[in-house]
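Reading through the structure tokens given below for one structure.
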Amino acid sequence: MGKKSKLKQEQVTDTSSLVGLVFSWSISDVLNENLYRNQVQRIPDTFVTLTSYKKSFIPSLVEETHADLLSNMKTLSHAPTCEILTIEDSAGPPGDLFYDITYYRDTETDENHKGPIYEPQVGDIIALTNVRPKGIDDLNRPPRFYLIAYVDEAKDVDEFPDDLQFKILSSKPINYGEPDMHTSKRETLFAVYLMNLTTNLRVWKALNSEGNTNIINKVLQPKSDDGDSCSVCYSKEKCNAGISAIWPTICSQNLNESQEAAVLNCISLAQCHHQNSVKLVWGPPGTGKTKTMSLTLFALFQLKCRTLTCAPTNIAVLEVAARLRRLVNQSLEYRRYGLGDIVLFGNKKRMKIDNNDDLRDIFLDHRVKILIKCLVPLSGWKHLLESMIHLLDDPEEQYSLYLEKKAEKQKQNAQKNEEDNRKHNGDEDCPLTFVEFVKNEFDSISQELKICMVNLYTHLPTSCISLKVVKDMVRASGLLKSIESSLHTIRVANEGFKLLKDFKVPRTVVRRLMQLRTECTNTLKSLPMEFSVPSINKYALKNFCLENACLIFCTASTSSKLHVVAGTRPLELLVIDEAAQLKECESAIPLQLSGLRHAILVGDERQLPAMVKSEIAASADFGRSLFGRLAKLGYKKHLLNVQYRMHPSISLFPKREFYDNQIVDGPNVKEKSYERCFLKGKMYQSYSFINVANGKEEFDHRFSRKNMVEIAVVFRIVASLYKEFIGTKKKVSIGVISPYKAQVYAIQDKLRKYTETSDTGFSVSVRSVDGFQGGEEDVIIISTVRCNGNGSVGFLSNQQRANVALTRARYCLWILGNASTLITSDSVWKKLVLDAKKRNCFYNADEDSNLAQAITAALLELDQLHSLLNVDSLLFKNAIWKVCFTHDFLNSITKIKDTVILWEVLALLTKLSSGWRRPLKDKGTIVYDGTSAQLLEKYKIKGNLNLIWTVDILQENAHYIQVMMFWDILPFSHIPELAKRLDIVFGNFTVDKMNRCRHKCIDRDTVVPMRWPVVFSNFPIADHEEFLSKPLSSFSITTNRETATSTYGETAKAKKTIISSKSNVNKKERRLWKIKGEGVKDFNTCLEANPLEFLPKPLSSPSLADKSEASTSTDMETGKAVKRFIPSKSNVNRKERLLWKLKGEGMKDFSTCVEANPVEFLSKPFSSPSLSDKPEASTSTDMETAKAVKPIISSKSNVNQKEKLLWKIKGEEEVKDFSTCVEAIPVEFLPKPLSSLSLADKPEASTSTDMETAKAVKPIISSKSNANQKERLLWKIKGEEGVKDFSTCLEPNPVELLSKPLSSLCLADKPEASTSTDMESAKKSTTKSVSKSTASRRRRSSSKLKVGDHVFLKIRPSCGIKRYSQGAKLTPRFTCPFEVSE
């Protein structure tokens, strides 16, 4: 006991500097995040001396310790706590601050304290307080100020459940046990867990001690060729000679070339004794890294090379140990003999050894416990062996001894009273017969002896128990079983058995039993009574097992316990698995073990590094591994280049993004059988990104993020997988990964019934990214959590973390996240989302109705009803109606607590916004005579409630549109009151607005919203019935559903087309209606403003010639001249355009180029615009008397098939579809006489004579001669051969129908004249022209337009648009809302 205390005291002394440093921090120091900022410097890539190497890590280690303590302080209210019962001074030198504490395990905690019960562990830093802390202030309150302690010893609660004690080293003296002067009660104290300092103390000790420096010196300034194998030792002859016996076993594992080379390379180190070396084995995900290492260790085990295998985590250690255990099982000749040479040690609870039978056999604590039981003097191996030999040699003597003991016992019992005799004797008074004694005694000893034999050759090192002894034990065990069987088959009387015991009965069975007895006795006598094992002491046996082991498995931190053992029997090789996840300073612990000659580092620096809490330490590269530093310096790595885990669609992105396509897919993943479908639907294929756009990230009490909407989606997917499993019984393992602990905890809680399911074929594992490193499952679901508008993703942007998360799945990988946030983050996740879209693996979660319901339910649980009522929410994703909600409605719906009613309301909103309406017979009626009764709609829902809504009119840009206005959710009795209030609102509506609110446009079974352009006029709007008596403006025929529009004025005005047509232009040429913009992809924004404003007066002409000329417009009353306000531009080439042919090289956005009206149309006579190559003067006169109008469009002769006029546009042969080239009307029908437009190849004169003034008007548009293929007139544009898409030419209304008798539209192959005149005074019009126009229309349309008629464009590809028609089998452009008379 004294030796143990001395050892503990030395450990404290060795580490007291770091513990003392922690004790020296005041509460303000702990809370100061920048306490060591100026002392931490970046750790270099190379080092000059060993001393500089070790010292470079110390400042970062102290900063990391400080950050860890600060992090746990912030969550103090949830820290593990226990109540202290007693505190006593520990036996030791006077003045030391060691105390022995007993504590109470209270199963019920304070309602304000949500932390678990504290169970002390060695290395813990605890705080002693007089209250259960709710915050940091509770640690520093009178009379008990900030007091912390270090746990020096602690008993295992599982091993000693009734002995709840631990020993501490306190930062200050503790005054405890004296009653309070005011209350006369003893003060109550609590122990509060703050952090565990064990690993940091071990690192501190390694950096401040001297050990084996052979390997560390090798990596201070490594060279790129240091990783090469020794040319002397790595030869085929030597390798083959050493591993010839075990190579068949290795080859049977089907290694690929890279794996086989790695195994041979590592094995060669066992034979190299003349130099020290470090090997790097680079194992990307799924490349068989663990398999390769387990086979290497198996070979070293067969070669009896003493090797230590470490890893940063218990999980990684257990994985390698389990793989090796399975290989050893296959090779053992005598059952479990040889397992004693393999030792796994560490923390039993954290390793969960009790749940793993295979690993329990090699676990050190279990082994020591078994050996103590086998070697104890009074009941162990020696006692059992002697007892069995004596029983077989002389059973009668053993029976006599039994009777003597029985008689002695009866004599002792005779001294007691009769009652006690009756109570305790009974059956015991009668001794066993000889037969009963022999049978019972043999069975008892034999059973225990056989168990002891197995335990000895299983747990003793092979150096302590020879193969011959094991064979004799196995043989003796078989003989004992045979004797036991023979004894139970002999059924004789007592007399017969006496003959049997003398072995004088000449029977076959008895003869056989005699032979077995002799053989077994001789075999047992050949076995050793004792083994070369030290005294039966727990700590001595541990060291004995470690000293004699061939392979040792533990974490890098735990390897610090091997320094004493390695000094007795040195180690030879060190293997570090997951070496890229181990801090370099932590790897210094095993690297300094005595005797090590070589180190093999296995890992992947492109996966997760070690976790570092301090940002200051992280920026100093404190988390960098030795593997990562060597790889960065170009140290040679052996790459395992074939992956066998992931489906090719899963591995595609990681291989390209993280490994530069250096890895190939194995043949197994390419097979069709590897294509597994666990759920139906494309969303659940092998690889998909599922966009959860409606999520909301929030913090938990640990300041970690979670997203409850994504949790709901995960739950619904796992529930669907379980349902599918129940139906198909196909085994499936599911892994859910999230980078945030809060999300992991929340998902674990949500999926508890699935994670704890008893179905062996269905398993669910929920872990963080760090926790999943090295793991794999059939299906992986990743929850990225982040959802914000600024693209902030925090440490999720780390490529190494992303690599781990994306490479855990075998068959299916489904990634949940907010695509907008991830794309904005400009991280690897942006590339992933864009890649998913490119590969058609991108899906919106609300596309799946099951997930949409889950998202909606989650938003309701989070009180995010306002998110659901946003216009862009998933409820209205298919809406064709814009919806608006009043404050009364929002207040009413938030008051609904019944989930069923709330769901019904939301479903009703969704259906109504999609154009659904209840049948008339099912509609509720509102019994009210006010104005609102004309508009109010009432839909009954559960709970005696009614949804009240109307159609309203809103103005958006230049249009009025119908919208849905939801007013309230009310009981029926409250509706009249609402109707009265709305009477006031609707009373301010004009008749026209009321009519528009009532108007319905029905497309099949769907009610679609109407749309009207805004009309600027000085008089009130009339009813629809008045429209027929006013001039009609043009119908708008577009690809979208729009309603017909109607405008009117005092005089018949014509409104020109908003945007001219655009035909056969190449990708790099555009104006206003053909604007050039290199790199411009979208010209939709260029069409906002109307370029032509039609005023009620004669319009002046805009001049758009190549050369500037004066163009004037004369006002007949004032004689004022108005200059053109837009200058022309001459000598233009293909890349130069005018006002509507603008040049913008390098410009990306032309949306600002068309906001203002480029041409101002004055209120005087309209002059002609000149668009020819050479400028010409063009004038126009306007008279109020009878005027003559010549044809608007001159003819063009001698055209071939590839040359077309206005609606017959020339296009190269590659152009197949001219339907998009006919949107705009080049011919404007004005209420005044128009000059003719000349579009022929050769210029011609076209005049218009006014009957009173006889003025001549020149052509509005001059011709252009000698044009080459790349030059065209205004509406005669030749398109380059490469032009494929003219979709951007479809914005304007192609046909403007005037508001009086409609002129005919001539769209034939040859141009015709079409005119329309309208006069308010004298009303003289050219009757022939009107008749001709009317006749032309009748030839093209067999009937007039009626309410509800559909109007189409009927296009003939070879000739352009032929005519407007009714009844053609084309998609209608719009629905006529009222009749149009001929």
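Chain lettering (A, B, ...) mirrors the order of the structure tokens, residue numbering begins at 1 for each chain separately, and ligand numbering begins at 1 in order of display.
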
Which neighbours of range 525-541 of chain A fall inside 8 Å, counting only C-alpha atoms, when residues of the same chain fewer than 3 positions from it are skipped, and could you give them as a VMD selection string?
chain A and resid 368 to 369 372 375 to 376 381 to 382 385 389 464 to 465 469 472 to 473 521 to 522 544 to 545

Those residues with N, CA, C and O atoms, as an mmCIF file, in the first residue's frame please?
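This is the output file again.cif:
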data_model
loop_
_atom_site.group_PDB
_atom_site.id
_atom_site.type_symbol
_atom_site.label_atom_id
_atom_site.label_comp_id
_atom_site.auth_asym_id
_atom_site.auth_seq_id
_atom_site.Cartn_x
_atom_site.Cartn_y
_atom_site.Cartn_z
ATOM 1 N N VAL A 368 -6.609 -9.875 -16.170
ATOM 2 C CA VAL A 368 -6.035 -9.885 -14.826
ATOM 3 C C VAL A 368 -7.023 -10.471 -13.824
ATOM 4 O O VAL A 368 -6.653 -11.262 -12.938
ATOM 5 N N LYS A 369 -8.288 -10.124 -13.976
ATOM 6 C CA LYS A 369 -9.319 -10.653 -13.076
ATOM 7 C C LYS A 369 -9.419 -12.175 -13.187
ATOM 8 O O LYS A 369 -9.548 -12.886 -12.171
ATOM 9 N N ILE A 372 -6.176 -13.858 -11.661
ATOM 10 C CA ILE A 372 -6.190 -13.850 -10.197
ATOM 11 C C ILE A 372 -7.058 -14.992 -9.679
ATOM 12 O O ILE A 372 -6.691 -15.710 -8.728
ATOM 13 N N LEU A 375 -5.183 -18.312 -10.172
ATOM 14 C CA LEU A 375 -3.926 -18.506 -9.456
ATOM 15 C C LEU A 375 -4.027 -18.357 -7.944
ATOM 16 O O LEU A 375 -3.029 -18.515 -7.239
ATOM 17 N N VAL A 376 -5.230 -18.074 -7.432
ATOM 18 C CA VAL A 376 -5.373 -17.943 -5.987
ATOM 19 C C VAL A 376 -5.076 -19.293 -5.318
ATOM 20 O O VAL A 376 -5.493 -20.357 -5.815
ATOM 21 N N TRP A 381 -5.771 -22.949 -9.547
ATOM 22 C CA TRP A 381 -5.285 -24.047 -10.369
ATOM 23 C C TRP A 381 -4.626 -25.149 -9.538
ATOM 24 O O TRP A 381 -4.952 -26.330 -9.676
ATOM 25 N N LYS A 382 -3.743 -24.829 -8.664
ATOM 26 C CA LYS A 382 -3.006 -25.838 -7.900
ATOM 27 C C LYS A 382 -3.939 -26.658 -7.018
ATOM 28 O O LYS A 382 -3.830 -27.896 -6.957
ATOM 29 N N LEU A 385 -6.125 -28.983 -9.246
ATOM 30 C CA LEU A 385 -5.351 -30.076 -9.845
ATOM 31 C C LEU A 385 -5.036 -31.156 -8.804
ATOM 32 O O LEU A 385 -5.199 -32.372 -9.062
ATOM 33 N N ILE A 389 -6.448 -35.195 -8.702
ATOM 34 C CA ILE A 389 -5.507 -36.318 -8.694
ATOM 35 C C ILE A 389 -5.769 -37.235 -7.491
ATOM 36 O O ILE A 389 -5.798 -38.468 -7.605
ATOM 37 N N CYS A 464 4.965 -18.100 -21.049
ATOM 38 C CA CYS A 464 4.775 -18.683 -19.715
ATOM 39 C C CYS A 464 4.152 -20.067 -19.765
ATOM 40 O O CYS A 464 4.172 -20.797 -18.772
ATOM 41 N N ILE A 465 3.567 -20.449 -20.865
ATOM 42 C CA ILE A 465 2.913 -21.751 -20.965
ATOM 43 C C ILE A 465 3.236 -22.318 -22.351
ATOM 44 O O ILE A 465 2.912 -21.723 -23.378
ATOM 45 N N VAL A 469 2.363 -28.149 -22.803
ATOM 46 C CA VAL A 469 1.473 -28.068 -21.655
ATOM 47 C C VAL A 469 0.035 -27.853 -22.105
ATOM 48 O O VAL A 469 -0.908 -28.458 -21.566
ATOM 49 N N ASP A 472 -1.364 -31.087 -23.326
ATOM 50 C CA ASP A 472 -1.707 -31.973 -22.214
ATOM 51 C C ASP A 472 -2.987 -31.513 -21.526
ATOM 52 O O ASP A 472 -3.810 -32.340 -21.099
ATOM 53 N N MET A 473 -3.151 -30.202 -21.413
ATOM 54 C CA MET A 473 -4.391 -29.684 -20.810
ATOM 55 C C MET A 473 -5.598 -30.058 -21.640
ATOM 56 O O MET A 473 -6.641 -30.479 -21.108
ATOM 57 N N THR A 521 -5.108 -39.649 -14.741
ATOM 58 C CA THR A 521 -4.275 -39.343 -13.573
ATOM 59 C C THR A 521 -2.846 -39.030 -14.001
ATOM 60 O O THR A 521 -2.228 -38.069 -13.523
ATOM 61 N N ASN A 522 -2.311 -39.830 -14.921
ATOM 62 C CA ASN A 522 -0.942 -39.615 -15.383
ATOM 63 C C ASN A 522 -0.807 -38.271 -16.118
ATOM 64 O O ASN A 522 0.191 -37.560 -15.972
ATOM 65 N N PHE A 544 2.938 -7.662 -15.807
ATOM 66 C CA PHE A 544 3.395 -8.949 -16.331
ATOM 67 C C PHE A 544 2.798 -9.219 -17.722
ATOM 68 O O PHE A 544 3.522 -9.641 -18.638
ATOM 69 N N CYS A 545 1.508 -8.999 -17.858
ATOM 70 C CA CYS A 545 0.839 -9.237 -19.154
ATOM 71 C C CYS A 545 1.371 -8.301 -20.233
ATOM 72 O O CYS A 545 1.574 -8.703 -21.385
#

Skipping near chain neighbours, those fewer than 6 positions away, what residues fall within 6 Å of range 594-603 of chain A using only C-alpha atoms, listed as a list in words?
Asn212, Asn276, Ser277, Val278, Lys279, Leu280, Val281, Trp282, Gly283, Ala566, Gly567, Pro570, Leu571, Glu572, Leu573, Leu574, Val575, Ile576, Asp577, Glu578, Ala579 and Ala580 of chain A

Go ahead and write the residues just picked, C-alpha atoms, as a compact mmCIF listing (two decimals), in the first residue's frame.
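result_0.txt, written as the output of this step:
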# COMPACT_ATOMS: atom_id res chain seq x y z
CA ASN A 212 13.63 7.52 -26.58
CA ASN A 276 15.27 4.08 -37.61
CA SER A 277 12.51 4.99 -40.01
CA VAL A 278 8.97 6.37 -40.34
CA LYS A 279 6.52 5.02 -42.94
CA LEU A 280 3.39 6.81 -44.14
CA VAL A 281 0.50 4.73 -45.48
CA TRP A 282 -2.11 6.97 -47.12
CA GLY A 283 -5.54 5.38 -46.85
CA ALA A 566 8.88 -0.76 -22.01
CA GLY A 567 11.86 -0.16 -19.80
CA PRO A 570 11.44 -2.72 -25.00
CA LEU A 571 9.01 -2.44 -27.89
CA GLU A 572 10.20 -2.62 -31.50
CA LEU A 573 7.51 -1.14 -33.77
CA LEU A 574 4.90 1.54 -33.35
CA VAL A 575 1.79 1.59 -35.56
CA ILE A 576 -0.49 4.64 -35.30
CA ASP A 577 -3.86 4.21 -36.99
CA GLU A 578 -5.84 7.35 -37.91
CA ALA A 579 -2.53 9.16 -37.47
CA ALA A 580 -3.78 12.24 -39.30

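Taking CA of Arg786 in chain A and CA of Asn34 in chain A as the two end points, the separation is 28.0 Å.
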
So, with only C-alpha atoms as the atoms that count, which of A:Gln853, A:Thr307, A:Ser686, A:Gln515 lies closest to Cys266 in chain A?
A:Thr307

Atomic distance CA of Val963 in chain A - CA of Lys882 in chain A, expressed in Å with one decimal
5.1 Å

May I ask for the distance between CA of Ile243 in chain A and CA of Gly338 in chain A, given in Å to one decimal place?
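Distance between the two atoms: 18.3 Å.
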
Find the residues around Thr518 in chain A up to 9 Å (only C-alpha atoms counted), leave out those fewer than 4 positions away in its own chain, and share them as a ChimeraX atom specification.
/A:392-393,513-514,522-523

Selected residue of minimal separation from Ser649 in chain A among A:Leu806, A:Cys787, A:Ala149, A:Ala693, counting only C-alpha atoms
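Closest to Ser649 in chain A, using only C-alpha atoms: A:Leu806.
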
Among range 586-745 of chain A, which ones does DSSP assign to alpha helix (DSSP H) (computed from the backbone)? Answer as number ranges by chain.
A: 586-591, 615-619, 626-632, 648-659, 667-670, 708-728, 741-745

If we count only C-alpha atoms, what is near His66 in chain A at a cut-off of 9 Å, once residues fewer than 2 positions away on the same chain are taken out, given as a PyMOL selection string?
chain A and resi 22+30+33+35-36+61-64+68-71+614

Could you turn the residues from that selection into a file that holds N, CA and C atoms, as a PDB file, in the first residue's frame?
ATOM      1  N   VAL A  22      -3.201  25.730 -13.631  1.00  0.00           N
ATOM      2  CA  VAL A  22      -4.668  25.804 -13.658  1.00  0.00           C
ATOM      3  C   VAL A  22      -5.190  26.349 -12.327  1.00  0.00           C
ATOM      4  N   VAL A  30      -9.932  32.849 -16.047  1.00  0.00           N
ATOM      5  CA  VAL A  30     -10.598  31.784 -16.815  1.00  0.00           C
ATOM      6  C   VAL A  30     -11.524  32.384 -17.873  1.00  0.00           C
ATOM      7  N   GLU A  33     -10.704  35.359 -22.630  1.00  0.00           N
ATOM      8  CA  GLU A  33     -10.405  34.552 -23.818  1.00  0.00           C
ATOM      9  C   GLU A  33      -9.032  34.867 -24.403  1.00  0.00           C
ATOM     10  N   LEU A  35      -6.226  35.533 -22.710  1.00  0.00           N
ATOM     11  CA  LEU A  35      -5.222  35.449 -21.658  1.00  0.00           C
ATOM     12  C   LEU A  35      -3.846  35.073 -22.204  1.00  0.00           C
ATOM     13  N   TYR A  36      -3.806  34.153 -23.188  1.00  0.00           N
ATOM     14  CA  TYR A  36      -2.522  33.688 -23.726  1.00  0.00           C
ATOM     15  C   TYR A  36      -2.345  34.020 -25.204  1.00  0.00           C
ATOM     16  N   LEU A  61      -0.531  24.243 -25.846  1.00  0.00           N
ATOM     17  CA  LEU A  61      -1.137  23.272 -24.936  1.00  0.00           C
ATOM     18  C   LEU A  61      -1.795  23.984 -23.757  1.00  0.00           C
ATOM     19  N   VAL A  62      -1.119  24.984 -23.202  1.00  0.00           N
ATOM     20  CA  VAL A  62      -1.687  25.744 -22.093  1.00  0.00           C
ATOM     21  C   VAL A  62      -2.930  26.507 -22.549  1.00  0.00           C
ATOM     22  N   GLU A  63      -2.865  27.112 -23.737  1.00  0.00           N
ATOM     23  CA  GLU A  63      -4.019  27.849 -24.262  1.00  0.00           C
ATOM     24  C   GLU A  63      -5.200  26.912 -24.506  1.00  0.00           C
ATOM     25  N   GLU A  64      -4.938  25.733 -25.017  1.00  0.00           N
ATOM     26  CA  GLU A  64      -6.015  24.767 -25.249  1.00  0.00           C
ATOM     27  C   GLU A  64      -6.640  24.320 -23.934  1.00  0.00           C
ATOM     28  N   ASP A  68     -10.558  24.943 -22.987  1.00  0.00           N
ATOM     29  CA  ASP A  68     -11.422  23.831 -22.597  1.00  0.00           C
ATOM     30  C   ASP A  68     -12.148  24.141 -21.289  1.00  0.00           C
ATOM     31  N   LEU A  69     -11.427  24.688 -20.335  1.00  0.00           N
ATOM     32  CA  LEU A  69     -12.033  25.057 -19.057  1.00  0.00           C
ATOM     33  C   LEU A  69     -13.072  26.162 -19.243  1.00  0.00           C
ATOM     34  N   LEU A  70     -12.757  27.150 -20.059  1.00  0.00           N
ATOM     35  CA  LEU A  70     -13.693  28.244 -20.321  1.00  0.00           C
ATOM     36  C   LEU A  70     -14.957  27.740 -21.002  1.00  0.00           C
ATOM     37  N   SER A  71     -14.808  26.829 -21.949  1.00  0.00           N
ATOM     38  CA  SER A  71     -15.961  26.282 -22.663  1.00  0.00           C
ATOM     39  C   SER A  71     -16.916  25.582 -21.716  1.00  0.00           C
ATOM     40  N   SER A 614      -9.650  25.827 -28.901  1.00  0.00           N
ATOM     41  CA  SER A 614      -9.160  27.204 -28.913  1.00  0.00           C
ATOM     42  C   SER A 614      -8.878  27.659 -30.343  1.00  0.00           C
TER      43      SER A 614
END

Find the residues near range 1008-1011 of chain A: any atom within 7 Å, counting only C-alpha atoms, skip ones fewer than 5 places away on the same chain, and give them as a list of chain:residue names.
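Returned residues: A:Ile880, A:Trp881, A:Gly915, A:His959, A:Tyr960, A:Ile961, A:Gln962, A:Val963, A:Cys1001, A:Ile1002, A:Asp1003, A:Glu1042, A:Thr1043.
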
Take the selection from the previous step and output its residues with C-alpha atoms, as a PDB file, in the first residue's frame.
ATOM      1  CA  ILE A 880     -51.427  30.965 -59.406  1.00  0.00           C
ATOM      2  CA  TRP A 881     -53.134  33.564 -57.200  1.00  0.00           C
ATOM      3  CA  GLY A 915     -57.366  28.110 -58.398  1.00  0.00           C
ATOM      4  CA  HIS A 959     -51.021  46.404 -64.489  1.00  0.00           C
ATOM      5  CA  TYR A 960     -53.994  45.780 -62.270  1.00  0.00           C
ATOM      6  CA  ILE A 961     -54.205  42.182 -61.095  1.00  0.00           C
ATOM      7  CA  GLN A 962     -56.730  40.124 -59.195  1.00  0.00           C
ATOM      8  CA  VAL A 963     -55.537  38.862 -55.800  1.00  0.00           C
ATOM      9  CA  CYS A1001     -61.776  33.718 -65.803  1.00  0.00           C
ATOM     10  CA  ILE A1002     -62.059  29.922 -65.794  1.00  0.00           C
ATOM     11  CA  ASP A1003     -59.531  27.700 -67.474  1.00  0.00           C
ATOM     12  CA  GLU A1042     -53.228  37.115 -69.064  1.00  0.00           C
ATOM     13  CA  THR A1043     -56.609  38.689 -69.381  1.00  0.00           C
TER      14      THR A1043
END

Just checking: using only C-alpha atoms, which residue out of A:Arg323, A:Lys172, A:Arg132, A:His274 ends up closest to Thr290 in chain A?
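Closest candidate: A:Arg323.
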
Find the spatial neighbours of Arg202 in chain A, counting only C-alpha atoms, within a cut-off of 9 Å - ignore same-chain residues fewer than 6 positions away - and output them as an mmCIF file with C-alpha atoms, in the first residue's frame.
data_model
loop_
_atom_site.group_PDB
_atom_site.id
_atom_site.type_symbol
_atom_site.label_atom_id
_atom_site.label_comp_id
_atom_site.auth_asym_id
_atom_site.auth_seq_id
_atom_site.Cartn_x
_atom_site.Cartn_y
_atom_site.Cartn_z
ATOM 1 C CA THR A 15 2.528 17.013 -13.450
ATOM 2 C CA SER A 557 -2.703 8.969 -24.523
ATOM 3 C CA THR A 558 -3.005 5.682 -22.594
ATOM 4 C CA SER A 560 1.967 6.762 -21.286
ATOM 5 C CA GLU A 586 0.160 13.792 -28.453
ATOM 6 C CA ILE A 589 3.817 10.138 -25.935
#

Using only C-alpha atoms, find the one residue out of A:Leu945, A:Ala270, A:Val714, A:Val203 that sits nearest to Lys304 in chain A.
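Once distances to Lys304 in chain A are computed over only C-alpha atoms, the minimum belongs to A:Ala270.
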
Per residue of range 710-731 of chain A within 10 Å of range 756-768 of chain A, record the nearest atom pair and its distance in Å to one decimal, counting only C-alpha atoms, with rows in chain order and ascending residue number, as JSON lines.
{"residue": "A:Val718", "atom": "CA", "partner": "A:Val764", "partner_atom": "CA", "distance": 8.4}
{"residue": "A:Leu721", "atom": "CA", "partner": "A:Phe762", "partner_atom": "CA", "distance": 9.1}
{"residue": "A:Tyr722", "atom": "CA", "partner": "A:Phe762", "partner_atom": "CA", "distance": 7.3}
{"residue": "A:Phe725", "atom": "CA", "partner": "A:Phe762", "partner_atom": "CA", "distance": 7.3}
{"residue": "A:Ile726", "atom": "CA", "partner": "A:Phe762", "partner_atom": "CA", "distance": 9.2}
{"residue": "A:Lys729", "atom": "CA", "partner": "A:Gly761", "partner_atom": "CA", "distance": 7.4}
{"residue": "A:Lys730", "atom": "CA", "partner": "A:Gly761", "partner_atom": "CA", "distance": 7.1}
{"residue": "A:Lys731", "atom": "CA", "partner": "A:Gly761", "partner_atom": "CA", "distance": 4.4}

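Counting only C-alpha atoms and comparing A:Ala262, A:Ile362, A:Val785, A:Val732, the residue that lies closest to Phe345 in chain A is A:Ile362.
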
Among range 245-337 of chain A, which ones does DSSP assign to strand (DSSP E or B) (computed from the backbone)? Answer as number ranges by chain.
A: 277-282, 307-311

Hey, can you spit out that residue selection with C-alpha atoms as a compact mmCIF listing (two decimals), in the first residue's frame?
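So out.txt came out as:
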# COMPACT_ATOMS: atom_id res chain seq x y z
CA SER A 277 12.51 4.99 -40.01
CA VAL A 278 8.97 6.37 -40.34
CA LYS A 279 6.52 5.02 -42.94
CA LEU A 280 3.39 6.81 -44.14
CA VAL A 281 0.50 4.73 -45.48
CA TRP A 282 -2.11 6.97 -47.12
CA THR A 307 4.48 -3.98 -31.60
CA LEU A 308 2.38 -1.22 -30.07
CA THR A 309 -0.71 -0.14 -32.01
CA CYS A 310 -2.20 3.25 -31.10
CA ALA A 311 -5.00 5.47 -32.31
